[in-house]
Every structure is written in structure tokens, then in C-alpha cells.
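Student: Starting off with a structure, shown below.
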Amino acid sequence: MRRNPVVSEVSDLLVPAILLFGLYVQFHGDFGPGGGFQAGVIFAVGIILYALIHGLEKTRKSIPDNILYVCMALGLLLFAGTGLISMFLDGEFLNYSVLGKTPLAGQHLGILLIELGIGITVAAVLITLFYAFAGRRNK
Amino acid sequence: MILEHLPILQVAIPLVLAPLCLLLRNSRLAWVIALVGSLWAFACAVLLLTRVLNNGPLEYALGGWEAPWGIALRIDLTGCFILLLTGLIASLVIFWAKQSVENEIRRDQINLFYCMYLLCLTGILGIIATGDAFNVFVFLEISSLSSYTMIAMGRDRRALTSSFHYLVMGTIGATFILIAIGMLYMMTGTLNMADLAERLPPLRDTTTVRAAFAFLTVGLSLKVALLPLHQWLPDAYTFAPSAVSAFLAGTSTKVALYVLLRFFFTVFGVDFVFTDLRLDVILLPLSILAIFVASIIAVFQEDVKRMLAYSSLAQIGYMTLGIALVNTSGLTATLVHMFNHALIKGGLFMAIGGLCLRIGSTRFAVLKGVGRAMPWTMGAIVVGGCGLIGVPLTAGFVSKWYLVIAAIENGAWVVVVAIVLASLIAVVYVWRTVETLYFNDAEQDTSLKEAPLAMLIPTWLMVILVVWAGIDTGMTVGIAERAALALIGNSP
């Protein structure tokens with residue numbers, strides 16, 4: 001597929017749009033349909049499309065496994081960390097209201113952080129899964 | 001401040017520590033982190049237990065949203081009892097596991113193993129603490145998915161197929177549980193367990209609620225590994241790394257059983273489950289079948305870990321038997337046996353793990369006569385084996401004693417005879433192990449050494465607890481009796 005100019009040109013056009021759409025779903029998720037999981041999946045799909053067209057090695061060079069491991073852990077830490085911070089600010093675990101000056105601002109900030117954590121972890125896990133399956137050699 | 005947040009902190013701290021194992025790619029550090037997480041869980045369980053014993057059940061509203069709308073955590077006495085069990089087993093196993101894991105798991109995967117261990121612990125603690133039916137499913141999946149991964153890390157390539165087998169069966173079970181929860185939600189519009197218990201009675205004659213109950217029972221029985229649904233368990237325990245066998249044997253099936261108890265007694269209610277639907281009519285024969293069939297299969301195994309796995313199935317039969325007798329003594333017996341069996345099986349798997357470290361196999365043919373070179377490990381196996389049989393002064397005797405009392409209260413003399421007969425079969429397989437390990441002539445070279453001290457100490461701590469729980473029953477039976485009374489008494 002790599003040699004087919006139509007496929008590679010069209011996908012090169014699409015990949016940035018898909019990534020951008022992923023970010024839109026991520027950060028607009030509190031006003032419209034969307035959220036961390038969906039955004040993570042869309043973002044990962046963009047990367048996977050790139051890998052299908054340009055090959056696994058090239059993708060691995062720009063997004064190495066190590067970065068993905070770190071992202072997986074960081075996403076979860078962001079999620080749990082937000083919960084713990086709200087506890088230190090005298091609320092319950094995951095009570096976002098205490099995060100901002102007003103409860104409304106707090107809720108807004110809280111859900112953004114939580115969904116960002118989910119988005120990062122989901123995207124990293126899906127790309128890692130793709131790497132694991134695509135990188136498997138017949139022995 | 002920390003005290004009031006304890007119900008969530010005991011789940012959240014292992015959850016935060018798990019990704020740290022992934023980030024700090026150092027196997028030694030990962031072990032320390034896992035140890036800290038497990039000890040934290042144990043400390044929290046002790047604190048929670050003292051609070052619940054004094055003040056009654058604890059409630060915690062996640063995110064500050066009150067119970068029926070938000071997700072609530074609810075920890076009652078039964079929950080505390082199982083939390084204590086999980087924390088204890090997790091701490092002792094992880095303390096023991098360092099060398100065993102280094103020996104059995106690929107070097108670059110050790111930190112990932114500890115990450116999974118902590119996630120599995122998080123899932124189990126979450127299942128126990130939550131008061132929300134959907135949350136049970138989520139945490140059940142967290143603990144199951146991490147168990148599949150840990151089992152697949154076994155030293156044998158067959159670990160992969162057994163893990164995949166468990167994955168398929170476990171996912172079917174989880175799907176059934178999810179379908180049931182969906183049906184309950186459709187009928188009542190709530191997911192909070194206490195709220196469900198209030199709204200279900202008027203709806204209990206509807207087909208949907210009955211179907212939900214059926215799906216839930218079958219799904220959870222798969223996770224518990226009750227006899228006809230047990231196929232995944234023997235392979236999973238045999239080919240998993242020793243540390244995983246010890247941890248899962250002590251915790252995972254017990255927690256699934258706890259969820260079963262919780263749904264039977266606090267959500268659906270004794271009347272619905274045992275008077276209307278007569279579940280005991282199915283559960284009692286299945287339990288007795290489990291005890292006999294699994295014990296007899298255990299006698300003929302060629303691998304000591306596989307034998308212990310089948311013996312676990314039989315012991316699960318004892319636990320469900322206690323539920324099927326539907327009285328306070330029976331329920332006490334179930335709870336006590338969950339605790340005692342976790343100690344006994346945990347100790348045995350740890351001792352066998354010591355053998356595996358020195359010899360590299362758990363097949364009887366290879367293990368002939370090795371007990372003479374490893375007297376302390378051998379001693380632990382003998383005491384643990386006595387516990388399995390139910391010899392007086394060990395923990396196994398106490399739980400069987402209460403089970404017999406419960407059967408006599410119901411006038412079920414057949415059950416009494418069955419319990420005694422099954423114990424005799426246990427004598428056969430335990431004796432076979434002792435004979436092979438100690439009395440057969442060794443084929444191994446004479447350079448065989450005793451297991452390292454760092455593994456012997458936790459193993460023997462577990463064994464001492466087995467004996468202690470057999471002599472001083474104040475702690476285990478005392479709490480279990482109160483918990484059983486609360487379960488039956490508070491039932492709607």
C-alpha cells in the first residue's frame with residue numbers, strides 16, 4: 001500500500017484532520033458529545049492509519065514505545081491525582097467543586113483534567129496494542 | 001482527615017502506585033512499591049475493621065454526590081472481614097514473592113508484573129468497598145484483566161493458553177453480570193445497592209428481575225468457579241507464576257463469592273433467593289458434587305499445583321454449601337472458611353513456590369524425596385495439608401465444625417456424612433503429597449538446598465496463622481458470626 005500514491009496522499013491529508021478532530025472531541029467533550037475515551041480512540045486511529053501507510057518502523061521512530069509507556073502511566077496518574085488533590089482541598093475524592101474558585105469553575109476544571117487523563121491513557125494503550133500485534137514476527 | 005477518607009484511600013493508593021511501577025522501570029523498586037501498596041491495604045483494613053466494629057457500616061460519597069445519584073462506597077462488617085483477608089494475603093505473598101518472581105518471570109517484565117499485581121489488588125479492594133452495582137462490574141474487570149495478564153506471565157508456554165481460556169470464560173461471566181445489572185437498572189432506574197434493595201421487592205415477580213437474578217448467579221458462579229463452571233481454574237492456577245497462584249487462590253474466588261453473598265443477602269434478599277426461587281435446591285447438590293468430584297480428581301493429579309487447584313474447587317464447594325444451608329451457622333462457616341482456606345491455600349502455594357524455585361518443576365515425578373533436603377518447606381506443606389483435611393487445632397477444622405453444626409441444625413444428616421467422607425478423600429491426596437515428597441527415595445542430586453529465608457519466613461507466618469486460627473477462633477469466628485447475623489438479619 002505504501003507505493004500507491006493515491007492512498008498515501010489521501011491519508012496524509014486525513015491524518016492531521018483526524019488528530020485535530022480527536023483533540024476537538026477531547027476538549028469540547030464537556031459542551032458537546034465526546035470525552036476522553038472517544039477522543040483517545042480517534043487520536044490513536046490517526047496514528048494507526050499513519051502506521052498502516054508509512055510502516056511501523058517510521059511510526060515507532062516518531063512515537064517510541066517508551067513514550068507510550070510513560071503516557072499510559074501519566075494518564076492514570078492525572079486521573080487519580082485529580083481525585084487525591086480534591087481530597088487535600090477538603091472535598092471528597094473526585095469532588096471537583098473544590099478545585100476552582102466557584103464550584104462551577106471547579107467542576108469544569110475537574111472534568112477536563114479527568115477526561116484528559118483518560119484520553120492520554122486510552123490513546124497510548126491502543127497504539128501500544130497496535131504495535132504489539134503489528135510488530136509480531138512469525139517465528 | 002485521612003481517617004474519614006479511608007474507604008476510598010485504601011483503593012486509590014494502590015491505583016496510584018501501579019502506574020509508578022510502570023514509570024520507574026526498576027524491578028527492585030517496583031517490588032518495594034508493591035510491598036508498600038499491599039501493606040497499605042492491610043493497614044487500612046485493620047483501621048476500617050476497628051471503626052466498623054465500633055460504629056457500624058461506613059458510607060462514603062464519591063465526588064460529593066449523595067448516595068442514590070452519585071457512586072457511594074459502603075463498607076460493612078462482611079466487607080471489612082474480606083478486606084482484612086485480602087490485605088493480609090497480598091502483603092504476605094508480596095513479601096515472599098521477590099525471589100520467586102525474579103526466578104520465574106522475564107527480567108524486563110518484572111516491573112510490569114508488580115504493576116499488574118497492584119492493579120489486581122485495586123480491583124479486589126474496589127469490589128469489596130463499593131456500594132454501586134455497576135462499579136462492582138468495573139472493578140471486577142480491573143481485577144480479572146490484570147489476573148489474565150499475570151497468569152500469562154507463567155514460566156511455561158501453556159500459561160498463555162490457560163490465560164486465554166480464563167479470559168474467554170471470565171469475559172462470558174462478566175458479560176452475564178453486566179446483562180443482569182442492566183436489567184436491574186432497566187426495572188428500578190437505580191444502580192445503588194441499598195436503593196436497589198428498596199425498589200426490588202414490588203418487582204420481584206417480574207420475569208426481568210428473575211432473569212437478572214439468573215444471569216447474575218451464573219456469571220458470578222463462573223468467577224467463583226463453582227463446579228460445572230470451573231474449567232478455567234485448574235489450568236490457570238497450574239501454569240501461573242507461583243506468586244500469582246498463591247495470591248489468586250487466596251483472594252480472587254473469595255471476592256467473587258463475597259459479591260454473590262452481597263447480592264443474595266443485601267440486594268435480592270433471603271426471601272426472594274431461597275424462599276421464592278429455592279436456589280438452595282440447586283446450590284446444595286452442586287456444592288456436594290463439587291466437594292466430591294474435585295477431591296477425587298485431585299487424588300489423581302500428576303502435578304502438585306494442579307492437585308492444589310482441584311482441592312481449591314472442593315473447598316469452594318464447602319463455602320457454597322454454607323450458603324445453601326441458609327442459616328446463620330452456615331453463613332458463619334462460609335465466611336470463616338473463606339478466611340481459613342485463603343490462609344491454608346496461600347501457605348501451601350507459597351511452600352510449593354519454594355520447591356519450584358529450587359527444583360524448577362512442580363511435577364510429582366520430579367519432586368520425589370526432595371522434602372528431606374528442605375525440611376522447613378516440607379513442614380509448611382504438612383501443616384497446610386492438615387488444614388486442608390480439617391485436622392483439629394488447624395484452621396480447616398474450625399470451618400468444617402461450623403459447617404457440620406449448620407447441617408445438623410437443618411437436620412441434613414446426608415450433608416454431615418458428606419463433609420466427613422470428603423475430608424477422608426482430602427487425607428488421601430495430602431498423604432500422597434507427603435509420601436512423594438518425603439518418603440520416596442530422592443533421584444535429585446544432593447546439592448539441593450532449603451528455600452531462602454526471605455521466602456520461608458512469610459510461608460511460616462502464613463502457616464502459624466493457620467494454626468492460630470485453629471486454636472484462637474475469637475477473631476475469625478467472632479467477626480464472621482456478627483457479619484453473618486447482619487447479612488441474614490438485615491436482609492430485606
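How things are named: the first chain in the C-alpha cells is A, the next is B, and so on; residues count from 1 in each chain; ligands count from 1 in the order shown.
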Tell me, as a ChimeraX atom specification, which residues lie within 12 Å of range 50-54 of chain A, counting only C-alpha atoms; anything in the same chain fewer than 6 positions away does not count.

Tutor: /A:1-16,18-19,43-44,60-63,127,130-131,134-135

Student: Taking only C-alpha atoms into account, find every residue of chain B that has an atom no more than 6 Å from chain A, and write it out as a PyMOL selection string.

Tutor: chain B and resi 19+23+62-64

Student: In terms of the shortest atom-to-atom distance over only C-alpha atoms, which of A:Ile42, A:Leu68, A:Gly55, A:Val25 is closest to Val125 in chain A?

Tutor: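 Comparing A:Ile42, A:Leu68, A:Gly55, A:Val25 against Val125 in chain A, the winner is A:Leu68.
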
Student: What residues in range 36-177 of chain B get the DSSP label alpha helix (DSSP H)? Please answer as a ChimeraX atom specification.

Tutor: /B:36-55,77-104,110-129,133-152,158-177

Student: What's around Gln10 in chain B at 8 Å? Count only C-alpha atoms, leave out sequence neighbours fewer than 5 positions away in its own chain, and write the answer as a compact mmCIF listing (two decimals) with C-alpha atoms, in the first residue's frame.

Tutor:
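What follows is the written file selection07.txt:
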# COMPACT_ATOMS: atom_id res chain seq x y z
CA TRP B 40 -1.17 -0.02 53.00
CA ALA B 41 -4.19 -2.14 52.09
CA CYS B 44 -6.40 0.31 56.06
CA ALA B 45 -8.31 -2.93 56.55
CA LEU B 125 -10.37 -3.79 47.15

Student: Skipping near chain neighbours, those fewer than 5 positions away, what residues fall within 9 Å of Ala290 in chain B using only C-alpha atoms, listed as a short mmCIF file (atom, residue, chain, number, x, y, z; two decimals) with N, CA and C atoms, in the first residue's frame?

Tutor:
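part37.cif written:
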data_model
loop_
_atom_site.label_atom_id
_atom_site.label_comp_id
_atom_site.auth_asym_id
_atom_site.auth_seq_id
_atom_site.Cartn_x
_atom_site.Cartn_y
_atom_site.Cartn_z
N LEU B 226 -17.59 -22.39 40.62
CA LEU B 226 -18.43 -23.44 41.19
C LEU B 226 -18.51 -24.58 40.17
N LEU B 227 -18.61 -25.80 40.65
CA LEU B 227 -18.22 -26.97 39.85
C LEU B 227 -18.52 -27.01 38.36
N PRO B 228 -19.75 -26.97 37.86
CA PRO B 228 -19.79 -27.17 36.41
C PRO B 228 -19.18 -26.00 35.63
N PRO B 285 -26.88 -29.57 46.05
CA PRO B 285 -26.28 -30.72 45.34
C PRO B 285 -25.01 -30.33 44.58
N SER B 295 -12.38 -33.34 44.78
CA SER B 295 -11.44 -34.02 45.67
C SER B 295 -10.92 -35.28 45.01
N LEU B 313 -11.13 -26.17 44.28
CA LEU B 313 -12.51 -26.30 43.80
C LEU B 313 -13.38 -26.98 44.85
N ALA B 314 -12.80 -28.02 45.50
CA ALA B 314 -13.56 -28.71 46.54
C ALA B 314 -13.85 -27.76 47.69
N GLN B 315 -12.85 -26.96 48.06
CA GLN B 315 -13.04 -26.04 49.19
C GLN B 315 -14.09 -24.98 48.86
N ILE B 316 -14.13 -24.56 47.57
CA ILE B 316 -15.17 -23.61 47.15
C ILE B 316 -16.54 -24.27 47.35
N GLY B 317 -16.59 -25.58 47.10
CA GLY B 317 -17.82 -26.33 47.36
C GLY B 317 -18.26 -26.21 48.81
N TYR B 318 -17.30 -26.32 49.75
CA TYR B 318 -17.65 -26.15 51.18
C TYR B 318 -18.25 -24.77 51.42
#

Student: Using only C-alpha atoms, determine which residues lie at most 8 Å from range 145-157 of chain B, disregarding the query and same-chain residues fewer than 6 positions distant; provide the list as a short mmCIF file (atom, residue, chain, number, x, y, z; two decimals) with C-alpha atoms, in the first residue's frame.

Tutor:
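part_17.cif, written as the output of this step:
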data_model
loop_
_atom_site.label_atom_id
_atom_site.label_comp_id
_atom_site.auth_asym_id
_atom_site.auth_seq_id
_atom_site.Cartn_x
_atom_site.Cartn_y
_atom_site.Cartn_z
CA GLU B 104 10.03 -17.25 37.12
CA ILE B 105 9.35 -14.04 35.21
CA PHE B 113 4.23 -7.81 36.85
CA MET B 116 -0.47 -5.75 37.35
CA TYR B 117 -0.34 -7.09 40.90
CA LEU B 119 -3.99 -3.18 39.71
CA CYS B 120 -5.44 -6.57 40.61
CA SER B 163 -4.75 -17.48 30.42
CA PHE B 164 -6.68 -17.23 27.16
CA TYR B 166 -9.63 -17.97 31.57
CA LEU B 167 -10.06 -14.77 29.53
CA ALA B 236 -4.87 -21.08 35.39
CA TYR B 237 -3.54 -22.00 38.85
CA PHE B 239 0.62 -22.59 34.87
CA ALA B 240 0.54 -19.18 36.57
CA PRO B 241 3.73 -17.98 38.30
CA VAL B 244 0.13 -15.44 41.26
CA LEU B 248 -5.31 -15.63 43.35
#

Student: One number please: CA of Ile111 in chain A to CA of Phe27 in chain A, in Å, one decimal.

Tutor: 10.1 Å

Student: Quick one: residues within 8 Å of Thr82 in chain A, only C-alpha atoms, excluding same-chain residues fewer than 6 positions away - as a ChimeraX atom specification?

Tutor: /A:94,110,113-114
